[in-house]
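Working notes, beginning with the structure itself.
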Amino acid sequence: MTGVSARDAEFTDYVSGKAWWLRKVAYLLCGDWHHADDLVQTTITRLYVHWPRVRAAENMDGYVRTVLVNVYLAERRSPWGRRMPLFDGGEETPGAEDDLDSVLDLRTALAALPPRQRATLVLRYYCDLTVQETARTLGCSQGNVKSQTARGIGHLRRLLHGYADSFSEEGQP
Amino acid sequence: MTTNENGLGAELRELARSPAPPMRVDIARAREVGRRRLWRRRIGGLLSALVVSGTLAVGWTVVSGGPERVTVATVSEGTDPLVAYASFGWLPDTVAGVSYVVGAHGDQVMAGGPGMRLILSMYAPDDEPPVESGHTALSAQPVNGRRAYWITADPADPVNGGDAYLRWQVPDGRWAELHAYDMPEADPRPTMLRIAADVTVGTRPVPLPLHISSVPADFEITEVHFWRPAMQGDGAWELMIFYAADGGRVTLVVSPEGSRTVSPRGSCMAEAGLELCVTVEGKMPESLAAIGGPEALLRRATLLGMDEREWTTRVIG
């Protein structure tokens with residue numbers, strides 16, 4: 001296969017296999033499935049435009065993950081993005097109630113983190129990247145990743161304990 | 001909830017497994033849009049090269065430098081913190097409202113409906129229309145008798161693949177721009193021309209739904225966001241006024257009462273069907289603490305209700 005058709009076929013194969021993974025990472029970044037789909041759509045469109053560079057990358061998945069994170073961070077920097085709601089608590093999410101509260105707590109707490117802190121935690125703890133890999137993905141120093149991680153974890157703890165406290169208070173007679 | 005470093009990974013994986021709606025990602029559309037972008041780049045580069053070499057001249061094509069934008073709306077230290085220099089007039093019924101975002105992160109006047117956006121901008125006075133490198137100005141029907149152009153990366157497509165730009169000269173020699181995308185019409189040009197014809201260019205304080213007798217003297221206004229409809233919740237609008245003072249940030253948020261889906265933060269009051277919340281981020285400014293904190297600002301505020309005819313351009317003072 002050559003030319004445009006080869007590009008299309010390779011692109012389609014790769015993206016078809018990775019779309020669900022990208023969607024989950026995007027969801028953890030933005031906190032909303034519909035918005036996550038938009039982020040993935042923008043990401044894969046950029047991948048298509050730069051496909052020769054993508055397929056030449058030593059670590060294709062890493063390259064693609066970097067594009068997704070950049071799309072997310074760029075959007076959060078834009079005037080529209082800064083005002084675009086992340087999780088606003090209004091989305092209906094069906095599921096088992098036992099697990100749902102803790103999942104929703106974490107989603108709400110993540111939404112309160114600054115975008116780079118949130119991206120750092122998702123890359124370190126969901127994508128299992130090392131500090132060095134995270135720094136490369138975010139285009140920052142390893143020291144910056146370490147400090148963002150520490151702050152992010154601290155921030156999450158405070159937020160989640162806050163929710164726990166407020167739930168306890170609501171439960172008082 | 002653990003939030004220890006080992007537990008967080010497991011919790012994130014659990015969150016990523018939470019129930020999700022069907023995926024809307026469209027690989028075919030990504031290919032199509034990507035192909036169009038590649039094609040435009042190639043054509044743009046080719047046209048630039050031809051114009052530079054003198055082989056081709058299509059309308060007004062600029063190959064270097066960028067058009068000079070001028071402010072379309074701004075924050076003001078006067079009695080009205082939001083001043084527009086150009087305003088929409090007639091808009092299609094599908095538009096839910098006109099939003100202003102002004103201040104430190106750029107100035108925008110936007111109108112929007114389901115998916116669609118209309119963005120109004122202004123450019124410095126010039127004899128010729130502002131045109132970016134690699135783009136072409138195609139003659140459009142005059143707007144109020146003045147020259148108008150469709151700015152496009154594709155000389156064969158005036159509406160630029162649905163990401164359409166109309167620029168027209170206004171009486172003082174400046175150029176106004178209407179940028180429209182995701183319009184419902186297959187050909188948005190007639191609607192865009194009608195909108196452009198009713199745009200008013202001139203300084204206009206934007207009426208706002210509150211009055212505050214005074215704010216501390218060191219309060220420096222940094223941004224105003226007036227979203228219609230509200231970006232969060234189901235309200236018809238949401239107004240945010242951002243001040244910086246003494247190393248802290250003070251934000252005033254006004255919205256129809258009960259319209260916000262996120263619990264309001266800070267100190268709040270409700271009046272005339274509206275809600276005002278004042279939040280302080282970072283250091284509490286000494287000048288604010290001296291007058292009694294955020295609650296003192298609330299006591300100085302009057303909310304003017306949902307009837308926009310009652311809103312005021314004398315917001316502060």
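We label chains A, B, ... in the order they appear in the structure tokens, count residues from 1 in each chain, and number ligands from 1 in the order shown.
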Set the distance at 8 Å and use only C-alpha atoms: which residues neighbour Thr66 of chain A once local chain neighbours fewer than 4 positions away are removed? I'd like the list as a count of residues only.
4
DSSP on the backbone, then: every residue of segment 186-255 of chain B marked strand (DSSP E), written as a compact mmCIF listing (two decimals) with all heavy atoms, in the first residue's frame.
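The resulting selection-v3.txt:
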```txt
# COMPACT_ATOMS: atom_id res chain seq x y z
N THR B 200 -23.10 47.36 15.53
CA THR B 200 -22.88 48.78 15.84
C THR B 200 -21.45 48.95 16.32
O THR B 200 -21.01 48.25 17.23
CB THR B 200 -23.83 49.25 16.97
OG1 THR B 200 -25.15 48.93 16.58
CG2 THR B 200 -23.70 50.73 17.21
N VAL B 201 -20.74 49.89 15.71
CA VAL B 201 -19.38 50.18 16.15
C VAL B 201 -19.40 51.50 16.92
O VAL B 201 -19.87 52.52 16.41
CB VAL B 201 -18.42 50.26 14.95
CG1 VAL B 201 -17.02 50.66 15.41
CG2 VAL B 201 -18.37 48.92 14.23
N GLY B 202 -18.93 51.46 18.15
CA GLY B 202 -18.95 52.65 18.99
C GLY B 202 -18.86 52.23 20.45
O GLY B 202 -19.21 51.10 20.80
N THR B 203 -18.39 53.13 21.29
CA THR B 203 -18.19 52.80 22.70
C THR B 203 -19.54 52.68 23.40
O THR B 203 -20.38 53.58 23.31
CB THR B 203 -17.35 53.90 23.37
OG1 THR B 203 -16.14 54.03 22.63
CG2 THR B 203 -17.03 53.55 24.81
N ARG B 204 -19.73 51.55 24.07
CA ARG B 204 -21.01 51.31 24.74
C ARG B 204 -20.77 50.57 26.06
O ARG B 204 -20.36 49.41 26.04
CB ARG B 204 -21.93 50.46 23.85
CG ARG B 204 -23.33 50.28 24.41
CD ARG B 204 -24.17 49.42 23.50
NE ARG B 204 -23.81 48.01 23.57
CZ ARG B 204 -24.40 47.13 24.38
NH1 ARG B 204 -25.36 47.50 25.20
NH2 ARG B 204 -24.02 45.86 24.36
N PRO B 205 -20.98 51.23 27.20
CA PRO B 205 -20.92 50.49 28.46
C PRO B 205 -22.02 49.43 28.45
O PRO B 205 -23.14 49.71 28.02
CB PRO B 205 -21.19 51.55 29.53
CG PRO B 205 -21.02 52.87 28.84
CD PRO B 205 -21.34 52.64 27.39
N LEU B 210 -26.04 44.51 38.60
CA LEU B 210 -25.81 44.85 40.01
C LEU B 210 -25.25 46.26 40.13
O LEU B 210 -24.70 46.82 39.16
CB LEU B 210 -24.86 43.86 40.68
CG LEU B 210 -23.34 44.04 40.49
CD1 LEU B 210 -22.59 43.23 41.54
CD2 LEU B 210 -22.92 43.65 39.09
N HIS B 211 -25.36 46.79 41.33
CA HIS B 211 -24.75 48.09 41.66
C HIS B 211 -24.01 47.90 42.98
O HIS B 211 -24.53 47.26 43.91
CB HIS B 211 -25.81 49.18 41.80
CG HIS B 211 -25.25 50.46 42.31
ND1 HIS B 211 -25.41 50.89 43.61
CD2 HIS B 211 -24.47 51.39 41.70
CE1 HIS B 211 -24.77 52.04 43.76
NE2 HIS B 211 -24.20 52.36 42.62
N ILE B 212 -22.78 48.42 43.05
CA ILE B 212 -22.01 48.38 44.31
C ILE B 212 -21.62 49.82 44.62
O ILE B 212 -21.04 50.50 43.77
CB ILE B 212 -20.75 47.50 44.17
CG1 ILE B 212 -21.16 46.06 43.81
CG2 ILE B 212 -19.94 47.50 45.46
CD1 ILE B 212 -19.99 45.14 43.57
N GLU B 220 -8.02 46.45 41.76
CA GLU B 220 -7.74 46.67 40.33
C GLU B 220 -8.50 45.62 39.53
O GLU B 220 -8.33 44.42 39.74
CB GLU B 220 -6.23 46.51 40.09
CG GLU B 220 -5.83 46.75 38.65
CD GLU B 220 -4.39 46.35 38.40
OE1 GLU B 220 -3.64 46.15 39.38
OE2 GLU B 220 -4.03 46.21 37.23
N ILE B 221 -9.35 46.08 38.65
CA ILE B 221 -10.15 45.12 37.89
C ILE B 221 -9.26 44.43 36.86
O ILE B 221 -8.48 45.07 36.16
CB ILE B 221 -11.37 45.82 37.24
CG1 ILE B 221 -12.31 44.76 36.69
CG2 ILE B 221 -10.95 46.80 36.17
CD1 ILE B 221 -13.71 45.25 36.55
N THR B 222 -9.34 43.11 36.81
CA THR B 222 -8.48 42.37 35.87
C THR B 222 -9.27 41.69 34.76
O THR B 222 -8.79 41.61 33.63
CB THR B 222 -7.66 41.29 36.61
OG1 THR B 222 -8.57 40.40 37.27
CG2 THR B 222 -6.72 41.92 37.63
N GLU B 223 -10.45 41.21 35.06
CA GLU B 223 -11.23 40.51 34.02
C GLU B 223 -12.72 40.65 34.31
O GLU B 223 -13.13 40.74 35.48
CB GLU B 223 -10.91 39.01 33.99
CG GLU B 223 -9.53 38.68 33.48
CD GLU B 223 -9.35 37.16 33.32
OE1 GLU B 223 -9.86 36.60 32.35
OE2 GLU B 223 -8.70 36.56 34.18
N VAL B 224 -13.50 40.62 33.25
CA VAL B 224 -14.96 40.49 33.38
C VAL B 224 -15.40 39.40 32.40
O VAL B 224 -15.02 39.43 31.22
CB VAL B 224 -15.70 41.81 33.04
CG1 VAL B 224 -17.21 41.60 33.10
CG2 VAL B 224 -15.28 42.92 33.99
N HIS B 225 -16.13 38.44 32.91
CA HIS B 225 -16.71 37.40 32.05
C HIS B 225 -18.23 37.49 32.20
O HIS B 225 -18.74 37.37 33.30
CB HIS B 225 -16.29 35.99 32.49
CG HIS B 225 -14.82 35.75 32.40
ND1 HIS B 225 -14.25 34.51 32.68
CD2 HIS B 225 -13.79 36.54 32.06
CE1 HIS B 225 -12.94 34.59 32.51
NE2 HIS B 225 -12.63 35.81 32.15
N PHE B 226 -18.89 37.74 31.10
CA PHE B 226 -20.36 37.82 31.14
C PHE B 226 -20.86 36.79 30.14
O PHE B 226 -20.85 37.04 28.93
CB PHE B 226 -20.80 39.23 30.77
CG PHE B 226 -22.27 39.49 30.98
CD1 PHE B 226 -23.04 38.65 31.77
CD2 PHE B 226 -22.89 40.59 30.41
CE1 PHE B 226 -24.38 38.89 31.97
CE2 PHE B 226 -24.23 40.84 30.60
CZ PHE B 226 -24.98 39.98 31.38
N TRP B 227 -21.25 35.63 30.65
CA TRP B 227 -21.62 34.51 29.78
C TRP B 227 -23.13 34.43 29.62
O TRP B 227 -23.87 34.41 30.60
CB TRP B 227 -21.11 33.19 30.38
CG TRP B 227 -19.64 33.07 30.33
CD1 TRP B 227 -18.76 33.33 31.34
CD2 TRP B 227 -18.84 32.68 29.21
NE1 TRP B 227 -17.48 33.12 30.91
CE2 TRP B 227 -17.49 32.73 29.61
CE3 TRP B 227 -19.15 32.30 27.90
CZ2 TRP B 227 -16.45 32.41 28.75
CZ3 TRP B 227 -18.12 31.98 27.05
CH2 TRP B 227 -16.78 32.03 27.48
N GLU B 238 -24.41 34.43 33.42
CA GLU B 238 -23.56 34.41 34.61
C GLU B 238 -22.52 35.52 34.43
O GLU B 238 -21.88 35.61 33.39
CB GLU B 238 -22.86 33.05 34.75
CG GLU B 238 -21.98 32.95 35.97
CD GLU B 238 -21.28 31.60 36.05
OE1 GLU B 238 -20.90 31.07 34.97
OE2 GLU B 238 -21.11 31.07 37.15
N LEU B 239 -22.41 36.37 35.43
CA LEU B 239 -21.45 37.48 35.37
C LEU B 239 -20.37 37.26 36.41
O LEU B 239 -20.67 36.97 37.58
CB LEU B 239 -22.19 38.80 35.66
CG LEU B 239 -21.30 40.03 35.88
CD1 LEU B 239 -20.58 40.42 34.60
CD2 LEU B 239 -22.13 41.20 36.40
N MET B 240 -19.11 37.37 35.98
CA MET B 240 -18.00 37.26 36.92
C MET B 240 -17.11 38.49 36.76
O MET B 240 -16.71 38.82 35.65
CB MET B 240 -17.18 36.00 36.64
CG MET B 240 -18.03 34.75 36.58
SD MET B 240 -17.07 33.29 36.15
CE MET B 240 -16.41 32.88 37.74
N ILE B 241 -16.84 39.15 37.88
CA ILE B 241 -15.96 40.33 37.88
C ILE B 241 -14.77 39.98 38.76
O ILE B 241 -14.94 39.61 39.93
CB ILE B 241 -16.69 41.57 38.41
CG1 ILE B 241 -17.96 41.84 37.58
CG2 ILE B 241 -15.76 42.78 38.37
CD1 ILE B 241 -18.81 42.98 38.11
N PHE B 242 -13.57 40.07 38.19
CA PHE B 242 -12.36 39.66 38.90
C PHE B 242 -11.55 40.91 39.28
O PHE B 242 -11.25 41.74 38.42
CB PHE B 242 -11.47 38.78 38.02
CG PHE B 242 -12.12 37.50 37.58
CD1 PHE B 242 -12.89 37.45 36.42
CD2 PHE B 242 -11.97 36.33 38.31
CE1 PHE B 242 -13.50 36.28 36.01
CE2 PHE B 242 -12.56 35.14 37.90
CZ PHE B 242 -13.32 35.12 36.75
N TYR B 243 -11.19 41.00 40.55
CA TYR B 243 -10.32 42.08 41.01
C TYR B 243 -9.04 41.49 41.58
O TYR B 243 -9.06 40.38 42.15
CB TYR B 243 -10.99 42.88 42.13
CG TYR B 243 -12.12 43.78 41.69
CD1 TYR B 243 -13.44 43.38 41.84
CD2 TYR B 243 -11.87 45.03 41.16
CE1 TYR B 243 -14.49 44.21 41.46
CE2 TYR B 243 -12.90 45.87 40.78
CZ TYR B 243 -14.21 45.45 40.93
OH TYR B 243 -15.23 46.27 40.55
N ALA B 244 -7.94 42.23 41.44
CA ALA B 244 -6.69 41.89 42.13
C ALA B 244 -6.40 43.00 43.11
O ALA B 244 -6.62 44.18 42.80
CB ALA B 244 -5.55 41.77 41.12
N ALA B 245 -5.93 42.62 44.29
CA ALA B 245 -5.58 43.63 45.29
C ALA B 245 -4.66 43.00 46.31
O ALA B 245 -4.96 41.91 46.82
CB ALA B 245 -6.84 44.17 45.98
N GLY B 248 -3.96 39.27 46.50
CA GLY B 248 -5.09 38.34 46.50
C GLY B 248 -5.99 38.58 45.30
O GLY B 248 -5.81 39.55 44.55
N ARG B 249 -6.93 37.66 45.07
CA ARG B 249 -7.88 37.82 43.98
C ARG B 249 -9.29 37.75 44.55
O ARG B 249 -9.63 36.81 45.27
CB ARG B 249 -7.69 36.72 42.93
CG ARG B 249 -8.54 36.96 41.69
CD ARG B 249 -8.07 36.13 40.54
NE ARG B 249 -8.83 34.88 40.46
CZ ARG B 249 -9.02 34.20 39.34
NH1 ARG B 249 -8.49 34.62 38.21
NH2 ARG B 249 -9.71 33.09 39.34
N VAL B 250 -10.08 38.75 44.23
CA VAL B 250 -11.46 38.82 44.72
C VAL B 250 -12.38 38.69 43.51
O VAL B 250 -12.24 39.41 42.53
CB VAL B 250 -11.71 40.17 45.43
CG1 VAL B 250 -13.15 40.22 45.95
CG2 VAL B 250 -10.71 40.35 46.58
N THR B 251 -13.29 37.74 43.59
CA THR B 251 -14.19 37.48 42.46
C THR B 251 -15.63 37.67 42.88
O THR B 251 -16.05 37.15 43.93
CB THR B 251 -14.01 36.04 41.94
OG1 THR B 251 -12.63 35.82 41.67
CG2 THR B 251 -14.81 35.82 40.67
N LEU B 252 -16.38 38.40 42.08
CA LEU B 252 -17.81 38.58 42.30
C LEU B 252 -18.54 37.79 41.22
O LEU B 252 -18.25 37.96 40.03
CB LEU B 252 -18.20 40.06 42.18
CG LEU B 252 -17.91 41.01 43.36
CD1 LEU B 252 -16.43 41.09 43.67
CD2 LEU B 252 -18.46 42.40 43.08
N VAL B 253 -19.44 36.93 41.63
CA VAL B 253 -20.21 36.13 40.67
C VAL B 253 -21.69 36.42 40.87
O VAL B 253 -22.21 36.27 41.97
CB VAL B 253 -19.95 34.62 40.85
CG1 VAL B 253 -20.74 33.82 39.81
CG2 VAL B 253 -18.47 34.31 40.75
N VAL B 254 -22.36 36.85 39.81
CA VAL B 254 -23.80 37.11 39.87
C VAL B 254 -24.49 36.17 38.90
O VAL B 254 -24.04 36.00 37.76
CB VAL B 254 -24.14 38.57 39.46
CG1 VAL B 254 -25.61 38.86 39.73
CG2 VAL B 254 -23.26 39.55 40.20
N SER B 255 -25.57 35.55 39.35
CA SER B 255 -26.32 34.65 38.46
C SER B 255 -27.77 34.59 38.95
O SER B 255 -28.05 34.95 40.10
CB SER B 255 -25.70 33.24 38.49
OG SER B 255 -25.61 32.77 39.81
```
Distance query Val25 of chain A at most 12 Å, only C-alpha atoms, self and fewer than 4 positions along chain excluded, as a PyMOL selection string:
(chain A and resi 18-21+29-33+35-37+39-40+43+64-69+72+118-128) or (chain B and resi 12-13+15-17)
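Pairwise distance (atom CA of Asp246 of chain B, atom CA of Thr279 of chain B) equals 14.8 Å.
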To one decimal in Å, tell me the separation between atom CA of Leu73 of chain A and atom CA of Thr71 of chain B.
26.1 Å
B:Gly78, B:Gly97, B:Pro285, B:Gly103 ranked by distance to chain A, top pick (using only C-alpha atoms)
B:Gly103
Taking only C-alpha atoms into account, which of A:Ile44, A:Ala26, A:Cys140, A:Leu129 comes nearest chain B?
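Of A:Ile44, A:Ala26, A:Cys140, A:Leu129, the one nearest chain B is A:Ile44, counting only C-alpha atoms.
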Test item, helix (DSSP H, G or I) assignment across segment 30-260 of chain B, answer as a ChimeraX atom specification:
/B:30-52,160-162,189-197
With distances taken over only C-alpha atoms, which residue among B:Ala217, B:Leu91, B:Val315, B:Met110 lies nearest Thr79 of chain B?
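Closest to Thr79 of chain B of all the choices is B:Val315.
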Contact residues around Pro114 of chain A with only C-alpha atoms at 10 Å, ignoring same-chain residues under 5 positions, as a VMD selection string
chain A and resid 76 119 148 152 155
Separation of atom CA of Pro130 of chain B from atom CA of Arg167 of chain B in Å
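Answer for the atom CA of Arg167 of chain B to atom CA of Pro130 of chain B separation: 8.0 Å.
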